[in-house]
Amino acid sequence: MAAKGRVTFSQDLCKGCGLCVGVCPVKILAMDRESINAKGYNPAYCVEPDKCIACTNCATMCPDLVIVVERL
Amino acid sequence: MAAKGRVTFSQDLCKGCGLCVGVCPVKILAMDRESINAKGYNPAYCVEPDKCIACTNCATMCPDLVIVVERL
Amino acid sequence: MAKVLMKGNEAIGEAAILAGCRFFFGYPITPQSELLEYMSLHLPKAGGTFLQAESEVAAINMVYGAAGCGARVMTGSSSPGIALKQEGISYIAGAELPCVIVNMMRGGPGLGSIQPAQSDYNQSTRGGGDGDYKLLVYAPASIQEMVDYVQISFDKADQYRNPVLIAGDGVLGQMMEPVEFSSQKATDLPAKDWATTGTDGKRAPNVINSLYLDAEELEKHNIHLSEKYAKMKENEQRWESVGIEGAELVIVAYGTTARIARSAMDNLNKQGRKIGLLRPITLWPYPEKAFEELDDATKHLLVVEMSMGQMIDDVRIVNEGKRKIDFVGRSGGVIPSTSLVEEKILEILERSE
Amino acid sequence: MAKVLMKGNEAIGEAAILAGCRFFFGYPITPQSELLEYMSLHLPKAGGTFLQAESEVAAINMVYGAAGCGARVMTGSSSPGIALKQEGISYIAGAELPCVIVNMMRGGPGLGSIQPAQSDYNQSTRGGGDGDYKLLVYAPASIQEMVDYVQISFDKADQYRNPVLIAGDGVLGQMMEPVEFSSQKATDLPAKDWATTGTDGKRAPNVINSLYLDAEELEKHNIHLSEKYAKMKENEQRWESVGIEGAELVIVAYGTTARIARSAMDNLNKQGRKIGLLRPITLWPYPEKAFEELDDATKHLLVVEMSMGQMIDDVRIVNEGKRKIDFVGRSGGVIPSTSLVEEKILEILERSE
Amino acid sequence: MAVIFERTKGLTPVSTHYCPGCTHGIIHRLVAEAMEELGVLDQAIGVAPVGCSVLAYKYFNCDMHEAAHGRAPAVATGIKRVWPDKFVFAYQGDGDLASIGTAEIVHAAHRSENISVVFVNNAIYGMTGGQMAPTTLVGQRTTTSPLGRDPKQAGFPLRISEMLATIPGATFIERVSVDTPANVRKAKRVIKRAFEIQLEGKGFALVEVLSTCPTNWGIEPTLALKWLRENMIPYYPLGNFRDATKEEVSDGQ
Amino acid sequence: MAVIFERTKGLTPVSTHYCPGCTHGIIHRLVAEAMEELGVLDQAIGVAPVGCSVLAYKYFNCDMHEAAHGRAPAVATGIKRVWPDKFVFAYQGDGDLASIGTAEIVHAAHRSENISVVFVNNAIYGMTGGQMAPTTLVGQRTTTSPLGRDPKQAGFPLRISEMLATIPGATFIERVSVDTPANVRKAKRVIKRAFEIQLEGKGFALVEVLSTCPTNWGIEPTLALKWLRENMIPYYPLGNFRDATKEEVSDGQ
Amino acid sequence: MVSERTILAGFGGQGVMLMGQLLTQAGMIEGKEVSWLPSYGPEMRGGTANCGVIVQAEPISSPVVEGNATSEIMMNLPSLLKFEEDLEPGGKLLINSSLISEKASREDVEAYYIPSSDIANELGDTRVSNMVMLGAFIEVTGIVEPESIFQALEEKLGLARAHLMDVNKEAFSLGAACVKEQRK
Amino acid sequence: MVSERTILAGFGGQGVMLMGQLLTQAGMIEGKEVSWLPSYGPEMRGGTANCGVIVQAEPISSPVVEGNATSEIMMNLPSLLKFEEDLEPGGKLLINSSLISEKASREDVEAYYIPSSDIANELGDTRVSNMVMLGAFIEVTGIVEPESIFQALEEKLGLARAHLMDVNKEAFSLGAACVKEQRK
Ligand SMILES: Cc1ncc(C[n+]2csc(CCOP(=O)(O)OP(=O)(O)O)c2C)c(N)n1
Ligand SMILES: Cc1ncc(C[n+]2csc(CCOP(=O)(O)OP(=O)(O)O)c2C)c(N)n1
Ligand code: SF4
Ligand code: SF4
Ligand code: SF4
Ligand code: SF4
Ligand code: SF4
Ligand code: SF4
Ligand SMILES: [Mg+2]
Ligand SMILES: [Mg+2]
């Protein structure tokens, strides 16, 4: 059984590039088309936090160090 | 039987480096320690002209184009 | 021909192609890159060659090679890139080859900023390379003038066998203005019988060179160059003067700052002042003759530059202590405002009243 | 310490080592190579590092790196090699780093000749790089003076955080004279707390930089630099004047030509003339104060240079039209003779009599 | 519960100026993490290039020196010669390193300067608006190859790692990519290994990192990674080109 | 009776300034003969370097251009782009080409400029009085490596031909020597082949010629040839390093 | 005397530079003196873009619009905050109210609020919000004829993108309409 | 007043530069003002070498010896042809008559003919012909003491080559003797 994890986004650092979204193996990340952060971008967020397996893929690809990953 | 040849030295161009002397297969070249040319060097010359086999080795190595070789 | 709206950098490119320039060697740098980009697309269409060199040093040496062939050739860069070209420029001047070099100046020193500046005045007029040589340096103030001076630059370069520098700045490179490409005719120019074209078995070899191992020979060459420069000094000084007759103060400014100064002058003259403007178009030879036109009413000269004040030296040289010289400017990429110039003028005039 | 007979280039090397210079990055070029050669042998013995760079461009950027570390570092070259260093020098000046650059000038432009010249005056004093910056430029006239000014150069470089240029020429580099390496004490200098040494976890990171993307920031930096240059102008002008009191003509010359001029002056004064000599030791800041010492008797200034006349501009600037300025010189590597100078002086005086 | 991924202390707590999705950001992180993990941050002096990463001196949390365009290896040489015991690295783009700075990188390798170079190859001049680089692929459109790079005019793209690997002093040369999480992790290991080589005093090490420039390629970030994978990697194969620490004889003979 | 060896028309009828026994003279002859034999003398434009062969413009009997130190390939590029149908060659020393001019030679190869380069490697800076070159051998004494080249300080000698051969645009790269009559004849054939490649429009060709500097090596001319043979050839092996005209695919892929 | 010195500013991608160029080109078409000066600073990487346009009868000396703007088109909040002070008293301030909820802070200027992004969205093409603003601007200032703008646009679009003319024209007139509405 | 401005010239390899340096160093040892200025031109590759030495009581201004030489040592014909005119009237001209068969062309100078190469050859070391000339020169001019020259030479040779002192000294005195002979 895969590990369980938690991802935290410092949304104000996010540039909305979407790199994290594409690499999540469990496809739980998305761009928040509703909100605009201080930088003027639609930030990424975790749609289904419970499903995170703490693989760190998202954080590994994030160019802006937006994401902190914890293993629960 | 080896070819016969003739070497002619434009002695005034010679810088006395001796490169020609060392490469003559029949060892008929030498430096003329007696005379000094216009450039102030002891020029090379052919000691035994008759023995030249027209191999062009001397002219090939001469950096100053002093030597003309003829095949007789 | 109708007017078109064009960016300064692109207009230079088009003007060069129309002036018969068929070779461009350059290296990207803000705020000049559009010149390269324009050339990369349009020069091949005109049957010419654009080459992005590996560096400014390589670019200027490619220019050196192509100029030696008698080609019309151009390079362009901005401040630190021009600094890198200094050795090559000195070689080209020494070998007496024609070419046109464009400098879209930005803030310095070092990497500085990418904003407009005029702080390469010394680098342009005094030469950053070694030895006694001079460039013919044009400082146009509008895109139209830049375009006109591209043709003139190529012609003068050929006429004098000397590199010509067009000293622009970030504003002139980046802005758009309507411009007309009049089909200016090239002047009659001597044949380039000195060029490396291959002898074709018809003449003795030509040699392009700046080396004279014998010092006396090099001195002769230097004297020859000096005589050429003297001729340029006599014949090539260019300037524009506006409202200098009876002016209490004359602004001395070139390029973009001359336009800002002009606005300031117009504003003050509307308020009843008598301010004039002397705008050098050649930075070398410096338009010394222009200063002869000034009359006794003029007690003040105000130099305005986008630098910490580099042209002042030349004004001091011409002035010979006759008038008071003041300076106002902004540097590092900041464009002086019209009001800054106006305030400075008023301050000077009040001070002396 | 006893006098030793040494070549100028080698004496500079020894003086630098004694002044605490521990890093030398250079590239061979006549007539400066002996400085490299001396350093390659002696610097390692003193625990320092000599590195022959792949080019002058690399050398000056190695200097940039080492100077950023707070090291005492030197480079040397001759005219075209100095031209190549212009971008780097502009960076170093912009980043406010101390270092010492030696130029043993030779004939130009371009490859020119390898014989002595002074035709890099403009390159030295006006900067061939981009932007508003200044070097402190010393022009010693003897090997002893070169040696003394090496120590001074390093100290001033540190004091002002500014590159210092020692402007010599082929004669000074190649000749031998007795020289004494007095144990000149370094002045009290501020700690180099700005240097890149690794933070050691004890302070915030230090950054060496000449980039200010915000033009206003760069302007602030330029103003700061200007204030520093103004201080240098106030405090660092150096010159020697001989027999200027009541002189009918004063020769203005520096370095090797000043010595030749001095011989000419001595000869003429023996014949009852009153000739003086004003020898700038700093080329920048130009010793304007020296000219205040001249008295009314002096109607003529004669500039003597191994160039086509580059220092004249500075003399014209200071002179402000007060005295007649003449020039005599040789160029391209030819050393002017004493008699040439004498004849010129007599011609001037006769003309005006 | 454990934090298994967080911001490295090797970076200052500021947001970079890089465009969204630009992989310069990933590479910065890898370099910073490697320094942090090797414990060299407080002994490090980094050299920033001229290029999009010109402001790297604001991002790496250690002493930094901003070099002239292409001259980072010379500046790093000057620094390393003064401080042989500090950790000295240069971070350069492909215009900076493979074009104007060719002589400096070749000769830093030639002297086997004991420094580490991170070479970010994005096949374009990012900073100045997308001009052709020596590394631009055949057919690739840039602002100075508007019809696509034409090898007849501009040659075939330069493979720097392969070239440098022929130099005896180039102790370690490897090419990596940051297009997938796996490749990013691999890149991190390689960068760390390169840094260790300097700490072991074994000489010049360079890691070429294939990187994207979504802005000037005109491709959005995720597709840019795909473009890198499909176009760059085939021409610029990943892998080690030299590791002299593993060779029997490494005396250049 | 036939003249089988005489002065080539490719050289002007003047005596060179080279030191006695300096093999620059031999190499000049080979270049000149190759041009004469290929019938390109009256269509040739040569580029002289800065170095002992700076005066080559006085010796080659064709149009000549004297370049700045290290920049001959850039100057030649400028010339060739103007006259694609003329024969353009550069003649460079090892200080000129392998040190200050590294970027220019790499990029001329990179662009596959259709020019020919004769690279005279004498392991020293001749002109300026015998300073160390990148090609100076380990332990070799020069005026700037007075105790012998120390690889710890200055690296191992740079093998230019091997390095350039990795560049796709480098169509032809070969190293020859002029230490024996046989090698001189071989060198001539190779130089001629390199020139033919230009005439065939096939791109960049470079011939590295191992050469002597009796003066600055401090070895008399005949022994200098021996020194070259015994010291240089082992480190700089003779042979062809690339001939893309023989490769199946030469598109740089 | 017809004369405008205009600052146009917004995010990169909002078509600010193009808007300025169309205005300049239109002025040229009408034989007026014109200039367009972009900022090309490093902030462009960060995403802001602005330019200054002058359209007037007399020859233009200084092309710099700074402190003396007679009108402004502000497409986002940072731009408004930065440039508001550059407007002369009595100047015209056009604000993209879709993205800027703030009002003009100055009372001595003539402010217009145009929800240009929303209008463009309704037209199905967010990219034409610049044309909405331009329509509003021309309506406010009358510095050039709409026809001149359309001619300039036609030249810009060329044949390949000629089909985009209609939506652009519509955006333009919706912008103009919006101003007429506010004027009532 | 003791004072000499000397030009020394010959082929490279004849020890001309060293000869000049020894003279200069000797002057320095005696507390005189001295300077040594070499030519370093490209002609060196061609094989000629020359330098100018000044030894005098007062400080030296111009270190250039040109047109005003008080003495000359000419080791080969090209040198003689080039530099003879630089000698002041009454100057001393020392000619290496082993290699120069010509006589001085000027009548207003004091010429000495020293077969220095032959003398050196007889001593079994052609390299010391410079010391022969120097011995002659010191005999003619008396500008420094022979002891000072020997001290300078000792410093130059160092320990490793100290064994060469004797042959050099002998060469020196043979040169001096040769002058004495001619003076008779
Ligand atoms: C001497 C000099 N030439 C040119 C420039 C302009 N310039 C700045 S960055 C750059 C190219 C950067 O491209 P690259 O190294 O690939 O870095 P990237 O931006 O792609 O990361 C250039 C040409 C400069 N600053 N200095
Ligand atoms: C910019 C510049 N730097 C340095 C020099 C001095 N210089 C002249 S020739 C030379 C080296 C020549 O060596 P190499 O290329 O090996 O040629 P060689 O003389 O050995 O044939 C140098 C450094 C110069 N003329 N210009
Ligand atoms: S850590 Fe892995 S599973 Fe969790 S959100 Fe990130 S990519 Fe998805
Ligand atoms: S990768 Fe980072 S910056 Fe990009 S969208 Fe995800 S969190 Fe935001
Ligand atoms: S041609 Fe051959 S045999 Fe004749 S002299 Fe020359 S080397 Fe000797
Ligand atoms: S090789 Fe030529 S220059 Fe040398 S000695 Fe023989 S003939 Fe004379
Ligand atoms: S321009 Fe390209 S390389 Fe530069 S920050 Fe943007 S995406 Fe990155
Ligand atoms: S110095 Fe060396 S390379 Fe130069 S000519 Fe003399 S022997 Fe040849
Ligand atoms: Mg890049
Ligand atoms: Mg060499």
# chains A, B, ... in the order shown; residues from 1 in each chain; ligands from 1
call {"tool": "residues_near_ligand", "arguments": {"ligand": "ligand 7", "cutoff": "8 Å", "atoms": "only C-alpha atoms and all ligand atoms", "output": "CSV table (one decimal) with N, CA and C atoms, in the first residue's frame"}}
result
chain,number,residue,atom,x,y,z
E,17,HIS,N,12.6,35.9,-10.5
E,17,HIS,CA,12.1,36.7,-11.6
E,17,HIS,C,11.8,35.8,-12.8
E,18,TYR,N,12.1,34.5,-12.7
E,18,TYR,CA,11.9,33.6,-13.8
E,18,TYR,C,10.5,33.5,-14.3
E,19,CYS,N,10.3,33.3,-15.6
E,19,CYS,CA,8.9,33.1,-16.1
E,19,CYS,C,8.3,31.9,-15.5
E,20,PRO,N,7.0,31.8,-15.6
E,20,PRO,CA,6.3,30.6,-15.1
E,20,PRO,C,6.8,29.4,-15.8
E,21,GLY,N,7.1,28.4,-15.0
E,21,GLY,CA,7.5,27.1,-15.6
E,21,GLY,C,8.9,27.0,-16.1
E,22,CYS,N,9.6,28.1,-16.0
E,22,CYS,CA,11.0,28.0,-16.4
E,22,CYS,C,11.8,27.1,-15.5
E,23,THR,N,12.5,26.2,-16.1
E,23,THR,CA,13.2,25.2,-15.3
E,23,THR,C,14.5,25.7,-14.6
E,24,HIS,N,14.9,27.0,-15.0
E,24,HIS,CA,16.0,27.6,-14.2
E,24,HIS,C,15.7,27.4,-12.7
E,51,GLY,N,22.7,36.4,-18.4
E,51,GLY,CA,21.7,35.6,-19.0
E,51,GLY,C,20.5,35.7,-18.1
E,52,CYS,N,19.5,34.9,-18.3
E,52,CYS,CA,18.3,35.0,-17.4
E,52,CYS,C,18.7,34.8,-16.0
E,53,SER,N,19.7,34.0,-15.7
E,53,SER,CA,20.1,33.7,-14.4
E,53,SER,C,21.1,34.7,-13.8
E,122,ASN,N,19.3,25.7,-22.6
E,122,ASN,CA,17.9,25.8,-23.1
E,122,ASN,C,17.8,26.1,-24.5
E,124,ILE,N,18.7,28.4,-26.4
E,124,ILE,CA,18.2,29.7,-26.8
E,124,ILE,C,18.8,30.8,-25.9
E,125,TYR,N,18.9,32.0,-26.4
E,125,TYR,CA,19.2,33.1,-25.5
E,125,TYR,C,17.9,33.6,-24.9
E,126,GLY,N,17.7,33.2,-23.6
E,126,GLY,CA,16.5,33.6,-23.0
E,126,GLY,C,16.4,35.1,-22.7
E,127,MET,N,17.4,35.6,-22.0
E,127,MET,CA,17.4,36.9,-21.4
E,127,MET,C,17.1,38.0,-22.5
E,128,THR,N,17.7,37.9,-23.6
E,128,THR,CA,17.7,39.0,-24.6
E,128,THR,C,16.5,38.8,-25.6
E,129,GLY,N,15.7,37.8,-25.4
E,129,GLY,CA,14.5,37.8,-26.2
E,129,GLY,C,14.5,36.7,-27.2
E,130,GLY,N,15.2,35.6,-27.0
E,130,GLY,CA,15.0,34.4,-27.8
E,130,GLY,C,15.8,34.4,-29.1
E,212,THR,N,14.3,24.3,-20.1
E,212,THR,CA,13.3,24.8,-21.0
E,212,THR,C,13.3,26.4,-21.0
E,213,CYS,N,12.8,26.9,-22.0
E,213,CYS,CA,12.5,28.4,-22.1
E,213,CYS,C,11.1,28.6,-22.7
E,214,PRO,N,10.1,28.3,-21.8
E,214,PRO,CA,8.7,28.4,-22.4
E,214,PRO,C,8.4,29.7,-23.1
E,215,THR,N,8.9,30.8,-22.5
E,215,THR,CA,8.6,32.1,-23.1
E,215,THR,C,9.2,32.3,-24.5
E,216,ASN,N,10.4,32.0,-24.7
E,216,ASN,CA,11.0,32.3,-26.0
E,216,ASN,C,10.8,31.1,-27.0
E,217,TRP,N,10.6,29.9,-26.4
E,217,TRP,CA,10.2,28.8,-27.3
E,217,TRP,C,8.8,29.1,-27.8
G,45,ARG,N,10.0,40.8,-18.0
G,45,ARG,CA,10.0,39.4,-17.6
G,45,ARG,C,9.0,39.2,-16.5
call {"tool": "interface_residues", "arguments": {"of": "chain F", "to": "chain E", "cutoff": "10 Å", "atoms": "only C-alpha atoms", "output": "NGL selection string"}}
result
:F and (81 or 98-113 or 134 or 138 or 151-170 or 203 or 234-236 or 251-253)
call {"tool": "residues_around", "arguments": {"residues": "segment 260-267 of chain C", "least_positions_apart": "6", "cutoff": "7 Å", "atoms": "only C-alpha atoms", "output": "number ranges by chain"}}
result
C: 275-277, 337-339, 341-342; G: 61-62
call {"tool": "closest_residue", "arguments": {"among": "B:Ala54, B:Val69, B:Val21, B:Leu29", "to": "chain F", "atoms": "only C-alpha atoms"}}
result
B:Val69
call {"tool": "calpha_fit_and_write", "arguments": {"fixed": "chain H", "moving": "chain G", "output": "compact mmCIF listing (two decimals) with C-alpha atoms, in the first residue's frame"}}
result
# COMPACT_ATOMS: atom_id res chain seq x y z
CA MET G 1 83.63 65.30 -15.43
CA VAL G 2 83.48 61.58 -16.10
CA SER G 3 80.52 60.84 -18.29
CA GLU G 4 79.87 58.42 -21.11
CA ARG G 5 76.91 57.84 -23.32
CA THR G 6 77.70 54.63 -25.12
CA ILE G 7 76.05 52.66 -27.89
CA LEU G 8 76.93 48.96 -27.98
CA ALA G 9 75.81 46.95 -31.00
CA GLY G 10 76.39 43.67 -32.79
CA PHE G 11 74.90 40.32 -33.69
CA GLY G 12 72.69 38.49 -31.24
CA GLY G 13 74.98 36.03 -29.48
CA GLN G 14 77.96 38.35 -29.33
CA GLY G 15 77.11 39.25 -25.78
CA VAL G 16 76.34 42.87 -26.54
CA MET G 17 73.51 43.19 -24.04
CA LEU G 18 75.57 41.60 -21.30
CA MET G 19 78.49 43.88 -22.06
CA GLY G 20 76.19 46.87 -21.64
CA GLN G 21 74.79 45.53 -18.40
CA LEU G 22 78.24 44.92 -16.93
CA LEU G 23 79.23 48.46 -17.73
CA THR G 24 76.04 49.79 -16.18
CA GLN G 25 76.36 47.64 -13.10
CA ALA G 26 79.99 48.67 -12.67
CA GLY G 27 78.94 52.29 -12.78
CA MET G 28 76.31 51.64 -10.16
CA ILE G 29 78.85 49.89 -7.95
CA GLU G 30 80.93 53.03 -8.08
CA GLY G 31 77.93 55.10 -7.06
CA LYS G 32 77.54 56.76 -10.41
CA GLU G 33 74.25 57.47 -12.12
CA VAL G 34 73.58 54.83 -14.75
CA SER G 35 71.01 53.60 -17.21
CA TRP G 36 70.78 50.77 -19.73
CA LEU G 37 68.28 50.87 -22.56
CA PRO G 38 68.04 47.96 -24.97
CA SER G 39 66.49 47.91 -28.35
CA TYR G 40 63.91 45.17 -28.27
CA GLY G 41 62.66 45.49 -31.78
CA PRO G 42 61.72 42.77 -34.21
CA GLU G 43 65.17 43.04 -35.74
CA MET G 44 66.26 40.89 -32.80
CA ARG G 45 64.72 37.90 -34.57
CA GLY G 46 66.86 38.85 -37.56
CA GLY G 47 69.85 38.78 -35.26
CA THR G 48 71.00 42.26 -34.36
CA ALA G 49 71.18 43.55 -30.84
CA ASN G 50 72.04 46.91 -29.40
CA CYS G 51 71.75 48.94 -26.26
CA GLY G 52 72.59 52.37 -24.97
CA VAL G 53 74.39 52.89 -21.67
CA ILE G 54 74.82 56.10 -19.75
CA VAL G 55 77.30 56.45 -16.90
CA GLN G 56 77.70 59.91 -15.38
CA ALA G 57 77.84 61.91 -12.18
CA GLU G 58 74.58 63.86 -12.46
CA PRO G 59 71.13 62.29 -12.48
CA ILE G 60 70.13 60.98 -15.85
CA SER G 61 67.21 62.61 -17.57
CA SER G 62 66.80 61.07 -21.00
CA PRO G 63 68.07 57.49 -21.06
CA VAL G 64 68.11 57.53 -24.82
CA VAL G 65 71.52 57.52 -26.48
CA GLU G 66 70.92 58.74 -29.97
CA GLY G 67 72.81 61.31 -31.95
CA ASN G 68 74.75 62.29 -28.86
CA ALA G 69 76.86 59.22 -28.04
CA THR G 70 80.26 59.93 -26.56
CA SER G 71 81.49 56.42 -27.35
CA GLU G 72 80.52 53.31 -29.27
CA ILE G 73 81.40 49.62 -29.34
CA MET G 74 80.62 48.14 -32.72
CA MET G 75 80.80 44.38 -32.97
CA ASN G 76 79.81 43.91 -36.63
CA LEU G 77 79.54 45.81 -39.88
CA PRO G 78 75.78 46.47 -40.00
CA SER G 79 76.06 48.04 -36.56
CA LEU G 80 78.89 50.28 -37.60
CA LEU G 81 77.01 51.42 -40.68
CA LYS G 82 73.89 52.13 -38.64
CA PHE G 83 75.32 53.86 -35.60
CA GLU G 84 78.50 55.62 -36.70
CA GLU G 85 76.61 58.85 -37.31
CA ASP G 86 75.28 58.89 -33.76
CA LEU G 87 78.72 59.58 -32.35
CA GLU G 88 79.50 63.10 -31.26
CA PRO G 89 82.54 64.77 -32.82
CA GLY G 90 85.54 63.66 -30.83
CA GLY G 91 83.76 60.54 -29.65
CA LYS G 92 85.49 57.21 -29.20
CA LEU G 93 84.70 54.46 -31.67
CA LEU G 94 85.74 50.90 -30.82
CA ILE G 95 85.53 48.52 -33.75
CA ASN G 96 85.74 44.73 -33.67
CA SER G 97 88.26 44.45 -36.47
CA SER G 98 88.04 40.66 -36.58
CA LEU G 99 84.65 40.95 -38.23
CA ILE G 100 84.80 44.48 -39.63
CA SER G 101 87.39 45.06 -42.27
CA GLU G 102 86.11 48.60 -42.99
CA LYS G 103 87.63 51.60 -41.26
CA ALA G 104 85.67 54.38 -39.62
CA SER G 105 84.33 56.67 -42.31
CA ARG G 106 84.45 59.74 -40.09
CA GLU G 107 87.60 61.66 -39.41
CA ASP G 108 86.34 63.63 -36.41
CA VAL G 109 86.23 60.62 -34.12
CA GLU G 110 88.81 58.65 -32.21
CA ALA G 111 88.76 55.14 -33.67
CA TYR G 112 90.26 51.96 -32.18
CA TYR G 113 90.43 48.64 -33.98
CA ILE G 114 90.32 45.61 -31.72
CA PRO G 115 90.46 42.12 -33.24
CA SER G 116 88.35 40.89 -30.39
CA SER G 117 86.99 37.75 -32.02
CA ASP G 118 90.47 36.64 -32.94
CA ILE G 119 91.79 37.37 -29.47
CA ALA G 120 88.90 35.47 -27.93
CA ASN G 121 89.49 32.59 -30.31
CA GLU G 122 93.08 32.44 -29.21
CA LEU G 123 91.85 32.28 -25.64
CA GLY G 124 89.83 29.26 -26.74
CA ASP G 125 86.46 30.79 -26.08
CA THR G 126 84.86 32.90 -28.82
CA ARG G 127 82.19 33.98 -26.32
CA VAL G 128 84.59 36.28 -24.47
CA SER G 129 85.10 38.64 -27.39
CA ASN G 130 82.72 41.01 -25.62
CA MET G 131 85.08 41.09 -22.62
CA VAL G 132 87.97 41.90 -24.92
CA MET G 133 86.02 44.88 -26.21
CA LEU G 134 85.00 45.93 -22.73
CA GLY G 135 88.60 45.85 -21.58
CA ALA G 136 89.53 48.02 -24.50
CA PHE G 137 86.63 50.34 -23.80
CA ILE G 138 87.52 50.84 -20.15
CA GLU G 139 91.11 51.45 -21.14
CA VAL G 140 90.01 54.11 -23.61
CA THR G 141 87.40 55.86 -21.49
CA GLY G 142 88.33 55.11 -17.90
CA ILE G 143 84.67 55.57 -17.11
CA VAL G 144 84.80 52.86 -14.42
CA GLU G 145 87.53 50.87 -12.71
CA PRO G 146 88.30 47.38 -14.09
CA GLU G 147 87.66 46.07 -10.57
CA SER G 148 84.08 47.28 -10.75
CA ILE G 149 83.60 45.42 -14.00
CA PHE G 150 85.01 42.27 -12.44
CA GLN G 151 82.74 42.65 -9.44
CA ALA G 152 79.75 43.07 -11.72
CA LEU G 153 80.82 40.03 -13.69
CA GLU G 154 81.23 37.98 -10.57
CA GLU G 155 77.68 38.80 -9.54
CA LYS G 156 76.41 37.89 -12.99
CA LEU G 157 78.27 34.59 -13.20
CA GLY G 158 77.31 33.50 -9.71
CA LEU G 159 78.83 30.52 -8.03
CA ALA G 160 77.95 28.01 -10.69
CA ARG G 161 79.95 29.76 -13.36
CA ALA G 162 82.64 31.32 -11.17
CA HIS G 163 85.28 29.27 -12.96
CA LEU G 164 84.74 31.44 -16.01
CA MET G 165 86.12 34.50 -14.19
CA ASP G 166 89.70 33.87 -15.19
CA VAL G 167 89.26 33.64 -18.91
CA ASN G 168 87.02 36.70 -18.84
CA LYS G 169 89.56 38.70 -16.88
CA GLU G 170 92.26 37.67 -19.29
CA ALA G 171 90.15 38.67 -22.25
CA PHE G 172 89.54 42.00 -20.56
CA SER G 173 93.20 42.72 -20.06
CA LEU G 174 94.09 41.63 -23.59
CA GLY G 175 91.57 44.13 -24.86
CA ALA G 176 93.07 46.83 -22.68
CA ALA G 177 96.53 45.90 -23.86
CA CYS G 178 95.44 46.14 -27.43
CA VAL G 179 94.40 49.76 -26.89
CA LYS G 180 97.64 50.63 -25.12
CA GLU G 181 99.43 49.19 -28.13
CA GLN G 182 97.50 51.36 -30.55
CA ARG G 183 98.01 54.45 -28.45
CA LYS G 184 101.73 54.24 -28.65
call {"tool": "residues_around", "arguments": {"residues": "segment 156-164 of chain D", "least_positions_apart": "5", "cutoff": "7 Å", "atoms": "only C-alpha atoms", "output": "PyMOL selection string"}}
result
chain D and resi 92-93+96-101+135-137+189
call {"tool": "residues_around", "arguments": {"residues": "segment 67-77 of chain F", "least_positions_apart": "3", "cutoff": "9 Å", "atoms": "only C-alpha atoms", "output": "ChimeraX atom specification"}}
result
/C:53,57-66,87-88,91,208-210 /D:110-111 /F:45-51,54,80-82,88-93,95-105,107-108,113-115,117
call {"tool": "select_by_dssp", "arguments": {"residues": "chain B", "states": "alpha helix (DSSP H)", "output": "compact mmCIF listing (two decimals) with C-alpha atoms, in the first residue's frame"}}
result
# COMPACT_ATOMS: atom_id res chain seq x y z
CA LEU B 19 68.49 20.69 -41.65
CA CYS B 20 69.43 19.70 -45.21
CA VAL B 21 72.70 18.14 -44.11
CA GLY B 22 71.14 15.64 -41.78
CA VAL B 23 68.61 14.26 -44.23
CA ASN B 57 65.19 15.31 -49.18
CA CYS B 58 67.40 18.32 -48.64
CA ALA B 59 65.09 20.73 -50.45
CA THR B 60 62.09 19.23 -48.72
CA MET B 61 63.52 20.07 -45.32
